[in-house]
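Report on one structure; see the data block that follows.
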Amino acid sequence: MATILAGRRLLLLRRCAAGRRLLGTAAEASPGGEEAGGEAIYVRKPSSSSTRDETSVSMPMSFMTGSVVGKRFYRDATVRRADDGNGWTVMLDYRTLKTPAKRPLKLHSRTLAMAVAAEWEYQEQDGIRPFTMPLMKLACTALERVPLTRTKIISNLMQKFHQDLVFCRSPADDELTKGVYEKQKEKIDPILDWVNSEFGVKPVVYTSFLGGKQDERLAKAVETVLKDANDYELASIDAMAAAAHSLVIPLAIFRGKLGVDESIELIRLEEDHQVDRWGLVEGGHDVDIADLKVQMSSAVVFLQLSWLK
(Lines give C-alpha, C1' and ligand atoms only; values in the text may rest on other atoms or scores of the structure.)
Protein backbone atom coordinates (compact mmCIF):
# COMPACT_ATOMS: atom_id res chain seq x y z
CA MET A 1 0.00 0.00 0.00
CA ALA A 2 2.86 2.40 0.84
CA THR A 3 4.40 1.81 -2.58
CA ILE A 4 1.09 2.49 -4.35
CA LEU A 5 0.57 5.70 -2.39
CA ALA A 6 4.12 6.82 -3.15
CA GLY A 7 3.52 6.19 -6.85
CA ARG A 8 0.28 8.17 -6.82
CA ARG A 9 1.92 11.07 -4.99
CA LEU A 10 4.76 11.02 -7.51
CA LEU A 11 2.38 11.22 -10.47
CA LEU A 12 0.51 14.16 -8.98
CA LEU A 13 3.49 16.13 -7.71
CA ARG A 14 3.90 18.34 -10.75
CA ARG A 15 0.30 18.69 -11.77
CA CYS A 16 -1.38 22.05 -11.36
CA ALA A 17 -4.93 20.73 -11.08
CA ALA A 18 -6.00 18.14 -8.54
CA GLY A 19 -8.39 15.29 -9.04
CA ARG A 20 -8.79 12.65 -11.70
CA ARG A 21 -9.31 13.73 -15.29
CA LEU A 22 -12.56 12.72 -16.96
CA LEU A 23 -12.04 10.43 -19.91
CA GLY A 24 -12.57 12.09 -23.27
CA THR A 25 -13.48 10.67 -26.64
CA ALA A 26 -10.57 9.06 -28.42
CA ALA A 27 -9.36 10.99 -31.46
CA GLU A 28 -8.89 9.10 -34.70
CA ALA A 29 -5.20 9.31 -35.65
CA SER A 30 -4.06 9.85 -39.20
CA PRO A 31 -1.91 7.19 -40.92
CA GLY A 32 1.21 9.28 -40.50
CA GLY A 33 0.63 9.99 -36.85
CA GLU A 34 -0.08 13.17 -34.92
CA GLU A 35 2.44 15.98 -35.21
CA ALA A 36 4.27 16.85 -32.00
CA GLY A 37 6.87 19.60 -32.10
CA GLY A 38 8.17 18.66 -35.54
CA GLU A 39 8.07 14.93 -34.82
CA ALA A 40 5.22 12.48 -35.13
CA ILE A 41 3.50 10.14 -32.72
CA TYR A 42 3.47 7.18 -35.07
CA VAL A 43 0.23 5.20 -34.92
CA ARG A 44 -0.27 1.99 -36.89
CA LYS A 45 -3.92 1.32 -37.67
CA PRO A 46 -5.21 -2.22 -37.39
CA SER A 47 -5.81 -4.47 -40.35
CA SER A 48 -7.97 -7.58 -40.49
CA SER A 49 -4.94 -9.82 -40.00
CA SER A 50 -2.85 -7.71 -37.64
CA THR A 51 -1.93 -8.86 -34.14
CA ARG A 52 -2.07 -6.66 -31.10
CA ASP A 53 1.71 -6.02 -31.24
CA GLU A 54 1.45 -5.00 -34.90
CA THR A 55 -1.22 -2.43 -34.07
CA SER A 56 0.94 -0.03 -32.10
CA VAL A 57 1.79 3.52 -31.16
CA SER A 58 5.34 4.85 -30.87
CA MET A 59 6.41 8.07 -29.18
CA PRO A 60 8.86 10.43 -30.94
CA MET A 61 12.46 10.53 -29.69
CA SER A 62 11.72 13.95 -28.16
CA PHE A 63 9.57 12.10 -25.61
CA MET A 64 12.69 11.51 -23.51
CA THR A 65 13.45 15.24 -23.25
CA GLY A 66 10.44 17.22 -24.46
CA SER A 67 7.75 19.03 -22.51
CA VAL A 68 4.68 18.24 -24.68
CA VAL A 69 4.61 15.74 -27.53
CA GLY A 70 1.10 16.08 -28.92
CA LYS A 71 -2.53 15.84 -27.87
CA ARG A 72 -4.04 12.81 -26.18
CA PHE A 73 -5.40 10.53 -28.90
CA TYR A 74 -6.63 7.57 -26.82
CA ARG A 75 -9.42 6.97 -24.33
CA ASP A 76 -8.13 4.22 -22.04
CA ALA A 77 -4.71 3.06 -20.88
CA THR A 78 -4.72 -0.60 -19.84
CA VAL A 79 -2.36 -3.54 -19.36
CA ARG A 80 -2.41 -6.89 -21.16
CA ARG A 81 -0.07 -9.84 -21.47
CA ALA A 82 2.09 -9.66 -24.58
CA ASP A 83 1.03 -11.71 -27.61
CA ASP A 84 3.99 -14.06 -27.15
CA GLY A 85 3.12 -14.53 -23.47
CA ASN A 86 6.47 -13.09 -22.42
CA GLY A 87 5.86 -10.07 -20.20
CA TRP A 88 3.26 -7.32 -20.09
CA THR A 89 2.45 -4.49 -22.46
CA VAL A 90 0.66 -1.17 -22.04
CA MET A 91 -2.36 -0.67 -24.32
CA LEU A 92 -3.62 2.71 -25.47
CA ASP A 93 -7.11 1.61 -26.54
CA TYR A 94 -6.39 -1.17 -29.08
CA ARG A 95 -2.77 -0.07 -29.69
CA THR A 96 0.32 -1.60 -28.11
CA LEU A 97 2.62 1.08 -26.72
CA LYS A 98 6.16 1.09 -28.10
CA THR A 99 9.33 2.91 -27.08
CA PRO A 100 10.70 5.93 -29.00
CA ALA A 101 12.96 3.46 -30.85
CA LYS A 102 9.78 1.62 -31.95
CA ARG A 103 10.49 -1.45 -29.85
CA PRO A 104 7.65 -3.02 -27.86
CA LEU A 105 7.43 -1.65 -24.32
CA LYS A 106 7.37 -5.13 -22.85
CA LEU A 107 7.84 -5.26 -19.07
CA HIS A 108 8.39 -8.42 -17.03
CA SER A 109 6.45 -7.03 -14.08
CA ARG A 110 2.67 -6.62 -14.36
CA THR A 111 2.75 -4.23 -11.40
CA LEU A 112 5.29 -1.99 -13.13
CA ALA A 113 3.29 -2.09 -16.35
CA MET A 114 0.20 -0.99 -14.42
CA ALA A 115 2.13 1.95 -12.95
CA VAL A 116 3.30 3.03 -16.41
CA ALA A 117 -0.28 2.71 -17.69
CA ALA A 118 -1.43 4.92 -14.79
CA GLU A 119 0.92 7.66 -15.98
CA TRP A 120 -0.68 7.51 -19.44
CA GLU A 121 -4.15 7.45 -17.88
CA TYR A 122 -3.48 10.71 -16.05
CA GLN A 123 -2.50 12.66 -19.19
CA GLU A 124 -4.70 15.63 -20.04
CA GLN A 125 -6.66 15.86 -23.27
CA ASP A 126 -4.72 18.91 -24.50
CA GLY A 127 -1.28 17.30 -24.42
CA ILE A 128 0.97 14.37 -23.48
CA ARG A 129 3.57 15.64 -21.02
CA PRO A 130 6.63 13.39 -20.64
CA PHE A 131 7.84 15.23 -17.52
CA THR A 132 4.83 13.78 -15.67
CA MET A 133 5.79 10.21 -16.71
CA PRO A 134 9.12 9.40 -15.01
CA LEU A 135 8.34 5.67 -14.82
CA MET A 136 7.72 5.50 -18.57
CA LYS A 137 11.05 7.24 -19.23
CA LEU A 138 12.88 4.90 -16.85
CA ALA A 139 11.25 1.91 -18.53
CA CYS A 140 12.49 3.09 -21.94
CA THR A 141 15.95 3.60 -20.44
CA ALA A 142 16.01 0.09 -18.94
CA LEU A 143 14.79 -1.54 -22.16
CA GLU A 144 16.82 0.45 -24.69
CA ARG A 145 19.73 2.44 -23.29
CA VAL A 146 21.07 0.15 -20.58
CA PRO A 147 21.47 -3.02 -22.70
CA LEU A 148 23.40 -1.07 -25.36
CA THR A 149 25.54 1.12 -23.09
CA ARG A 150 25.84 -0.90 -19.87
CA THR A 151 29.66 -0.82 -19.88
CA LYS A 152 29.73 2.94 -20.42
CA ILE A 153 27.12 3.59 -17.72
CA ILE A 154 29.12 1.62 -15.16
CA SER A 155 32.36 3.31 -16.23
CA ASN A 156 30.82 6.77 -15.80
CA LEU A 157 29.47 5.88 -12.37
CA MET A 158 32.84 4.57 -11.22
CA GLN A 159 34.69 7.63 -12.52
CA LYS A 160 32.60 9.80 -10.19
CA PHE A 161 32.69 7.37 -7.28
CA HIS A 162 35.88 8.79 -5.76
CA GLN A 163 34.30 12.27 -5.55
CA ASP A 164 31.11 10.94 -3.96
CA LEU A 165 29.06 13.36 -1.89
CA VAL A 166 29.33 11.25 1.27
CA PHE A 167 33.15 11.20 1.13
CA CYS A 168 33.41 15.01 1.13
CA ARG A 169 33.65 16.56 4.60
CA SER A 170 33.41 20.26 5.42
CA PRO A 171 36.28 21.78 7.47
CA ALA A 172 35.67 21.65 11.21
CA ASP A 173 37.79 24.74 12.02
CA ASP A 174 35.82 27.22 9.89
CA GLU A 175 33.00 29.19 11.49
CA LEU A 176 30.95 29.12 8.24
CA THR A 177 31.19 25.35 7.79
CA LYS A 178 31.36 24.13 11.38
CA GLY A 179 27.62 23.56 11.52
CA VAL A 180 27.71 21.53 8.30
CA TYR A 181 30.60 19.46 9.64
CA GLU A 182 28.63 18.59 12.78
CA LYS A 183 25.60 17.54 10.73
CA GLN A 184 27.80 15.43 8.47
CA LYS A 185 29.25 13.66 11.50
CA GLU A 186 25.73 12.94 12.76
CA LYS A 187 24.03 11.95 9.49
CA ILE A 188 26.74 10.70 7.12
CA ASP A 189 29.09 8.84 9.45
CA PRO A 190 26.52 6.01 9.90
CA ILE A 191 26.49 5.60 6.10
CA LEU A 192 30.29 5.43 6.04
CA ASP A 193 30.14 2.78 8.77
CA TRP A 194 27.62 0.88 6.62
CA VAL A 195 29.97 1.04 3.62
CA ASN A 196 32.74 -0.41 5.78
CA SER A 197 30.57 -3.27 7.03
CA GLU A 198 28.90 -3.92 3.64
CA PHE A 199 32.05 -3.98 1.51
CA GLY A 200 34.77 -4.70 4.09
CA VAL A 201 36.78 -1.54 3.38
CA LYS A 202 36.78 1.72 5.33
CA PRO A 203 36.16 4.68 3.00
CA VAL A 204 38.48 7.69 2.90
CA VAL A 205 37.02 11.06 3.93
CA TYR A 206 38.51 14.26 2.49
CA THR A 207 38.00 18.03 2.64
CA SER A 208 39.53 18.96 -0.74
CA PHE A 209 37.26 20.11 -3.57
CA LEU A 210 39.41 17.98 -5.87
CA GLY A 211 38.29 14.85 -4.08
CA GLY A 212 40.33 11.89 -2.94
CA LYS A 213 41.12 8.32 -3.89
CA GLN A 214 39.25 5.41 -2.41
CA ASP A 215 40.85 2.04 -1.77
CA GLU A 216 40.94 -0.03 -4.93
CA ARG A 217 39.29 -2.93 -3.10
CA LEU A 218 36.29 -0.75 -2.29
CA ALA A 219 36.04 0.48 -5.87
CA LYS A 220 36.15 -3.09 -7.17
CA ALA A 221 33.49 -4.24 -4.73
CA VAL A 222 31.15 -1.40 -5.76
CA GLU A 223 31.79 -2.07 -9.44
CA THR A 224 30.88 -5.72 -8.93
CA VAL A 225 27.50 -4.70 -7.49
CA LEU A 226 26.84 -2.59 -10.58
CA LYS A 227 27.86 -5.37 -12.95
CA ASP A 228 25.60 -7.85 -11.15
CA ALA A 229 22.58 -5.50 -11.30
CA ASN A 230 19.97 -6.25 -13.96
CA ASP A 231 18.95 -3.60 -16.52
CA TYR A 232 16.06 -2.27 -14.43
CA GLU A 233 18.22 -2.00 -11.31
CA LEU A 234 21.08 -0.30 -13.15
CA ALA A 235 18.70 2.20 -14.76
CA SER A 236 17.37 3.09 -11.31
CA ILE A 237 20.80 3.36 -9.70
CA ASP A 238 22.08 5.54 -12.55
CA ALA A 239 19.06 7.87 -12.30
CA MET A 240 19.44 8.21 -8.53
CA ALA A 241 23.19 8.79 -8.79
CA ALA A 242 22.64 11.62 -11.27
CA ALA A 243 20.13 13.29 -8.96
CA ALA A 244 22.09 12.69 -5.74
CA HIS A 245 25.64 13.39 -7.01
CA SER A 246 26.42 10.20 -5.17
CA LEU A 247 26.70 6.50 -5.92
CA VAL A 248 26.85 5.42 -2.29
CA ILE A 249 23.36 6.77 -1.53
CA PRO A 250 21.67 4.84 -4.41
CA LEU A 251 23.55 1.69 -3.37
CA ALA A 252 22.35 2.15 0.22
CA ILE A 253 18.78 2.40 -1.11
CA PHE A 254 19.37 -0.63 -3.34
CA ARG A 255 20.61 -2.67 -0.38
CA GLY A 256 17.79 -1.50 1.89
CA LYS A 257 19.85 0.74 4.19
CA LEU A 258 18.16 4.04 3.26
CA GLY A 259 14.68 5.23 2.34
CA VAL A 260 13.69 8.12 0.09
CA ASP A 261 13.24 10.73 2.84
CA GLU A 262 16.53 9.82 4.53
CA SER A 263 18.34 9.97 1.20
CA ILE A 264 16.96 13.40 0.32
CA GLU A 265 18.00 14.68 3.74
CA LEU A 266 21.58 13.50 3.11
CA ILE A 267 21.69 14.92 -0.41
CA ARG A 268 20.46 18.32 0.75
CA LEU A 269 22.29 18.38 4.08
CA GLU A 270 24.63 21.27 3.29
CA GLU A 271 22.09 23.30 1.32
CA ASP A 272 19.39 22.87 3.96
CA HIS A 273 21.87 24.12 6.56
CA GLN A 274 22.36 27.28 4.51
CA VAL A 275 18.60 27.67 4.06
CA ASP A 276 18.11 27.41 7.82
CA ARG A 277 20.71 30.11 8.30
CA TRP A 278 19.92 32.54 5.48
CA GLY A 279 16.38 31.66 4.45
CA LEU A 280 14.62 29.92 1.56
CA VAL A 281 14.47 31.54 -1.88
CA GLU A 282 10.99 30.97 -3.30
CA GLY A 283 11.08 29.80 -6.89
CA GLY A 284 14.59 28.50 -6.31
CA HIS A 285 15.16 26.25 -3.33
CA ASP A 286 11.56 25.02 -3.21
CA VAL A 287 11.62 24.10 -6.91
CA ASP A 288 14.95 22.29 -6.47
CA ILE A 289 13.52 20.31 -3.54
CA ALA A 290 10.41 19.30 -5.51
CA ASP A 291 12.49 18.27 -8.51
CA LEU A 292 14.84 16.19 -6.35
CA LYS A 293 11.86 14.45 -4.73
CA VAL A 294 10.43 13.55 -8.14
CA GLN A 295 13.74 12.19 -9.45
CA MET A 296 14.60 10.16 -6.38
CA SER A 297 11.07 8.91 -5.64
CA SER A 298 10.41 7.85 -9.23
CA ALA A 299 13.67 5.89 -9.40
CA VAL A 300 12.96 4.17 -6.07
CA VAL A 301 9.36 3.34 -7.06
CA PHE A 302 10.60 1.99 -10.42
CA LEU A 303 13.20 -0.15 -8.65
CA GLN A 304 10.72 -1.58 -6.15
CA LEU A 305 8.01 -2.26 -8.72
CA SER A 306 10.51 -4.00 -11.00
CA TRP A 307 11.04 -6.56 -8.21
CA LEU A 308 7.34 -7.43 -8.14
CA LYS A 309 5.50 -9.73 -10.51
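Here, A, B, ... name the chains of the C-alpha coordinates in the order displayed, residue numbers run from 1 inside each chain, and ligands are numbered from 1 in the same displayed order.
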
Residues near range 221-232 of chain A, cut-off 10 Å, only C-alpha atoms, skip fewer than 3 positions along chain, as number ranges by chain | A: 107, 138-147, 150-151, 153-155, 157-158, 161, 195, 198-201, 216-218, 235-238, 247-248, 251, 254, 299, 302-307

Those of range 14-249 of chain A in DSSP strand (DSSP E), formatted as a PyMOL selection string | chain A and resi 34-36+39-43+56-58+77-81+88-92+95-98+106-107

Mind giving me the straight-line distance from CA of Ile253 in chain A to CA of Pro203 in chain A in Å, one decimal?
-> 18.0 Å

Selected residue, from A:Thr177, A:Gln163, A:Thr132, A:Gln125, that lies nearest to Gly70 in chain A when counting only C-alpha atoms |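 Closest to Gly70 in chain A of all the choices is A:Gln125.
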
Skipping near chain neighbours, those fewer than 4 positions away, what residues fall within 12 Å of Lys185 in chain A using only C-alpha atoms, listed as a PyMOL selection string?
-> chain A and resi 166-172+178-181+189-193+205+266+269

Could you tell me which of A:Asn86, A:Phe63, A:Asp272, A:Lys187 comes closest to Asp286 in chain A if we count only C-alpha atoms?
->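 Distance minimum relative to Asp286 in chain A lands on A:Asp272.
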
Nearest-residue call for Ile128 in chain A, choices A:Val68, A:Leu92, A:Ala82, A:Ile289, using only C-alpha atoms =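 That would be A:Val68, the residue with the smallest distance to Ile128 in chain A.
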
Sel. of alpha helix (DSSP H) residues, range 112-278 of chain A, as an NGL selection string | :A and (112-121 or 134-140 or 146-161 or 178-187 or 189-199 or 216-228 or 231-244 or 248-254 or 260-267 or 269-278)

Using only C-alpha atoms, which residues sit within 12 Å of Ala77 in chain A once same-chain residues fewer than 3 positions away are excluded, as a ChimeraX atom specification?
-> /A:23,26,72-74,80,89-97,113-123

Would you mind reading off the distance between CA of Arg103 in chain A and CA of Lys293 in chain A, one decimal, in Å?
-> 29.8 Å

Exercise: Ser246 in chain A partners within 7 Å, only C-alpha atoms, chain neighbours under 4 positions left out, as a PDB file with N, CA and C atoms, in the first residue's frame:
ATOM      1  N   ASP A 164      32.478  11.115  -4.456  1.00  0.00           N
ATOM      2  CA  ASP A 164      31.115  10.941  -3.961  1.00  0.00           C
ATOM      3  C   ASP A 164      30.787  11.954  -2.869  1.00  0.00           C
ATOM      4  N   LEU A 165      29.538  12.390  -2.867  1.00  0.00           N
ATOM      5  CA  LEU A 165      29.058  13.361  -1.891  1.00  0.00           C
ATOM      6  C   LEU A 165      29.350  12.948  -0.455  1.00  0.00           C
ATOM      7  N   ALA A 241      21.840   8.240  -8.918  1.00  0.00           N
ATOM      8  CA  ALA A 241      23.191   8.791  -8.787  1.00  0.00           C
ATOM      9  C   ALA A 241      23.296  10.160  -9.446  1.00  0.00           C
TER      10      ALA A 241
END

Find the spatial neighbours of Pro130 in chain A, counting only C-alpha atoms, within a cut-off of 9 Å - ignore same-chain residues fewer than 4 positions away - and output them as a list in words.
-> Phe63, Met64, Thr65, Gly66, Ser67, Val68, Val69, Pro134, Met136 and Lys137 of chain A

Resulting file, chosen residues, N, CA, C and O atoms, as a PDB file, in the first residue's frame:
ATOM      1  N   PHE A  63      10.282  12.485 -26.829  1.00  0.00           N
ATOM      2  CA  PHE A  63       9.565  12.095 -25.612  1.00  0.00           C
ATOM      3  C   PHE A  63      10.496  12.068 -24.414  1.00  0.00           C
ATOM      4  O   PHE A  63      10.093  12.398 -23.300  1.00  0.00           O
ATOM      5  N   MET A  64      11.758  11.665 -24.619  1.00  0.00           N
ATOM      6  CA  MET A  64      12.686  11.510 -23.511  1.00  0.00           C
ATOM      7  C   MET A  64      13.157  12.848 -22.949  1.00  0.00           C
ATOM      8  O   MET A  64      13.689  12.912 -21.848  1.00  0.00           O
ATOM      9  N   THR A  65      12.973  13.936 -23.709  1.00  0.00           N
ATOM     10  CA  THR A  65      13.454  15.239 -23.253  1.00  0.00           C
ATOM     11  C   THR A  65      12.429  16.354 -23.385  1.00  0.00           C
ATOM     12  O   THR A  65      12.601  17.420 -22.814  1.00  0.00           O
ATOM     13  N   GLY A  66      11.366  16.145 -24.149  1.00  0.00           N
ATOM     14  CA  GLY A  66      10.441  17.225 -24.460  1.00  0.00           C
ATOM     15  C   GLY A  66       9.453  17.519 -23.351  1.00  0.00           C
ATOM     16  O   GLY A  66       9.328  16.794 -22.372  1.00  0.00           O
ATOM     17  N   SER A  67       8.742  18.622 -23.510  1.00  0.00           N
ATOM     18  CA  SER A  67       7.753  19.030 -22.515  1.00  0.00           C
ATOM     19  C   SER A  67       6.353  18.558 -22.905  1.00  0.00           C
ATOM     20  O   SER A  67       5.602  18.067 -22.081  1.00  0.00           O
ATOM     21  N   VAL A  68       5.972  18.706 -24.180  1.00  0.00           N
ATOM     22  CA  VAL A  68       4.682  18.240 -24.679  1.00  0.00           C
ATOM     23  C   VAL A  68       4.904  17.614 -26.045  1.00  0.00           C
ATOM     24  O   VAL A  68       5.587  18.195 -26.889  1.00  0.00           O
ATOM     25  N   VAL A  69       4.358  16.430 -26.264  1.00  0.00           N
ATOM     26  CA  VAL A  69       4.609  15.738 -27.529  1.00  0.00           C
ATOM     27  C   VAL A  69       3.328  15.450 -28.305  1.00  0.00           C
ATOM     28  O   VAL A  69       3.269  14.493 -29.063  1.00  0.00           O
ATOM     29  N   PRO A 134       7.752   9.864 -15.268  1.00  0.00           N
ATOM     30  CA  PRO A 134       9.116   9.397 -15.010  1.00  0.00           C
ATOM     31  C   PRO A 134       9.271   7.883 -15.096  1.00  0.00           C
ATOM     32  O   PRO A 134      10.335   7.395 -15.484  1.00  0.00           O
ATOM     33  N   MET A 136       7.664   5.828 -17.153  1.00  0.00           N
ATOM     34  CA  MET A 136       7.723   5.504 -18.573  1.00  0.00           C
ATOM     35  C   MET A 136       9.129   5.771 -19.123  1.00  0.00           C
ATOM     36  O   MET A 136       9.686   4.949 -19.858  1.00  0.00           O
ATOM     37  N   LYS A 137       9.712   6.898 -18.748  1.00  0.00           N
ATOM     38  CA  LYS A 137      11.048   7.241 -19.225  1.00  0.00           C
ATOM     39  C   LYS A 137      12.093   6.264 -18.683  1.00  0.00           C
ATOM     40  O   LYS A 137      13.008   5.852 -19.404  1.00  0.00           O
TER      41      LYS A 137
END

Determine the nearest neighbour of Gly87 in chain A from the options A:Arg110, A:Val294, A:Arg75, A:Ala239, counting only C-alpha atoms.
->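 Selected residue with least distance to Gly87 in chain A: A:Arg110.
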
Looking at only C-alpha atoms, which of A:Met61, A:Met133, A:Lys102, A:Thr55 is the one that sits closest to Asp83 in chain A?
-> A:Thr55
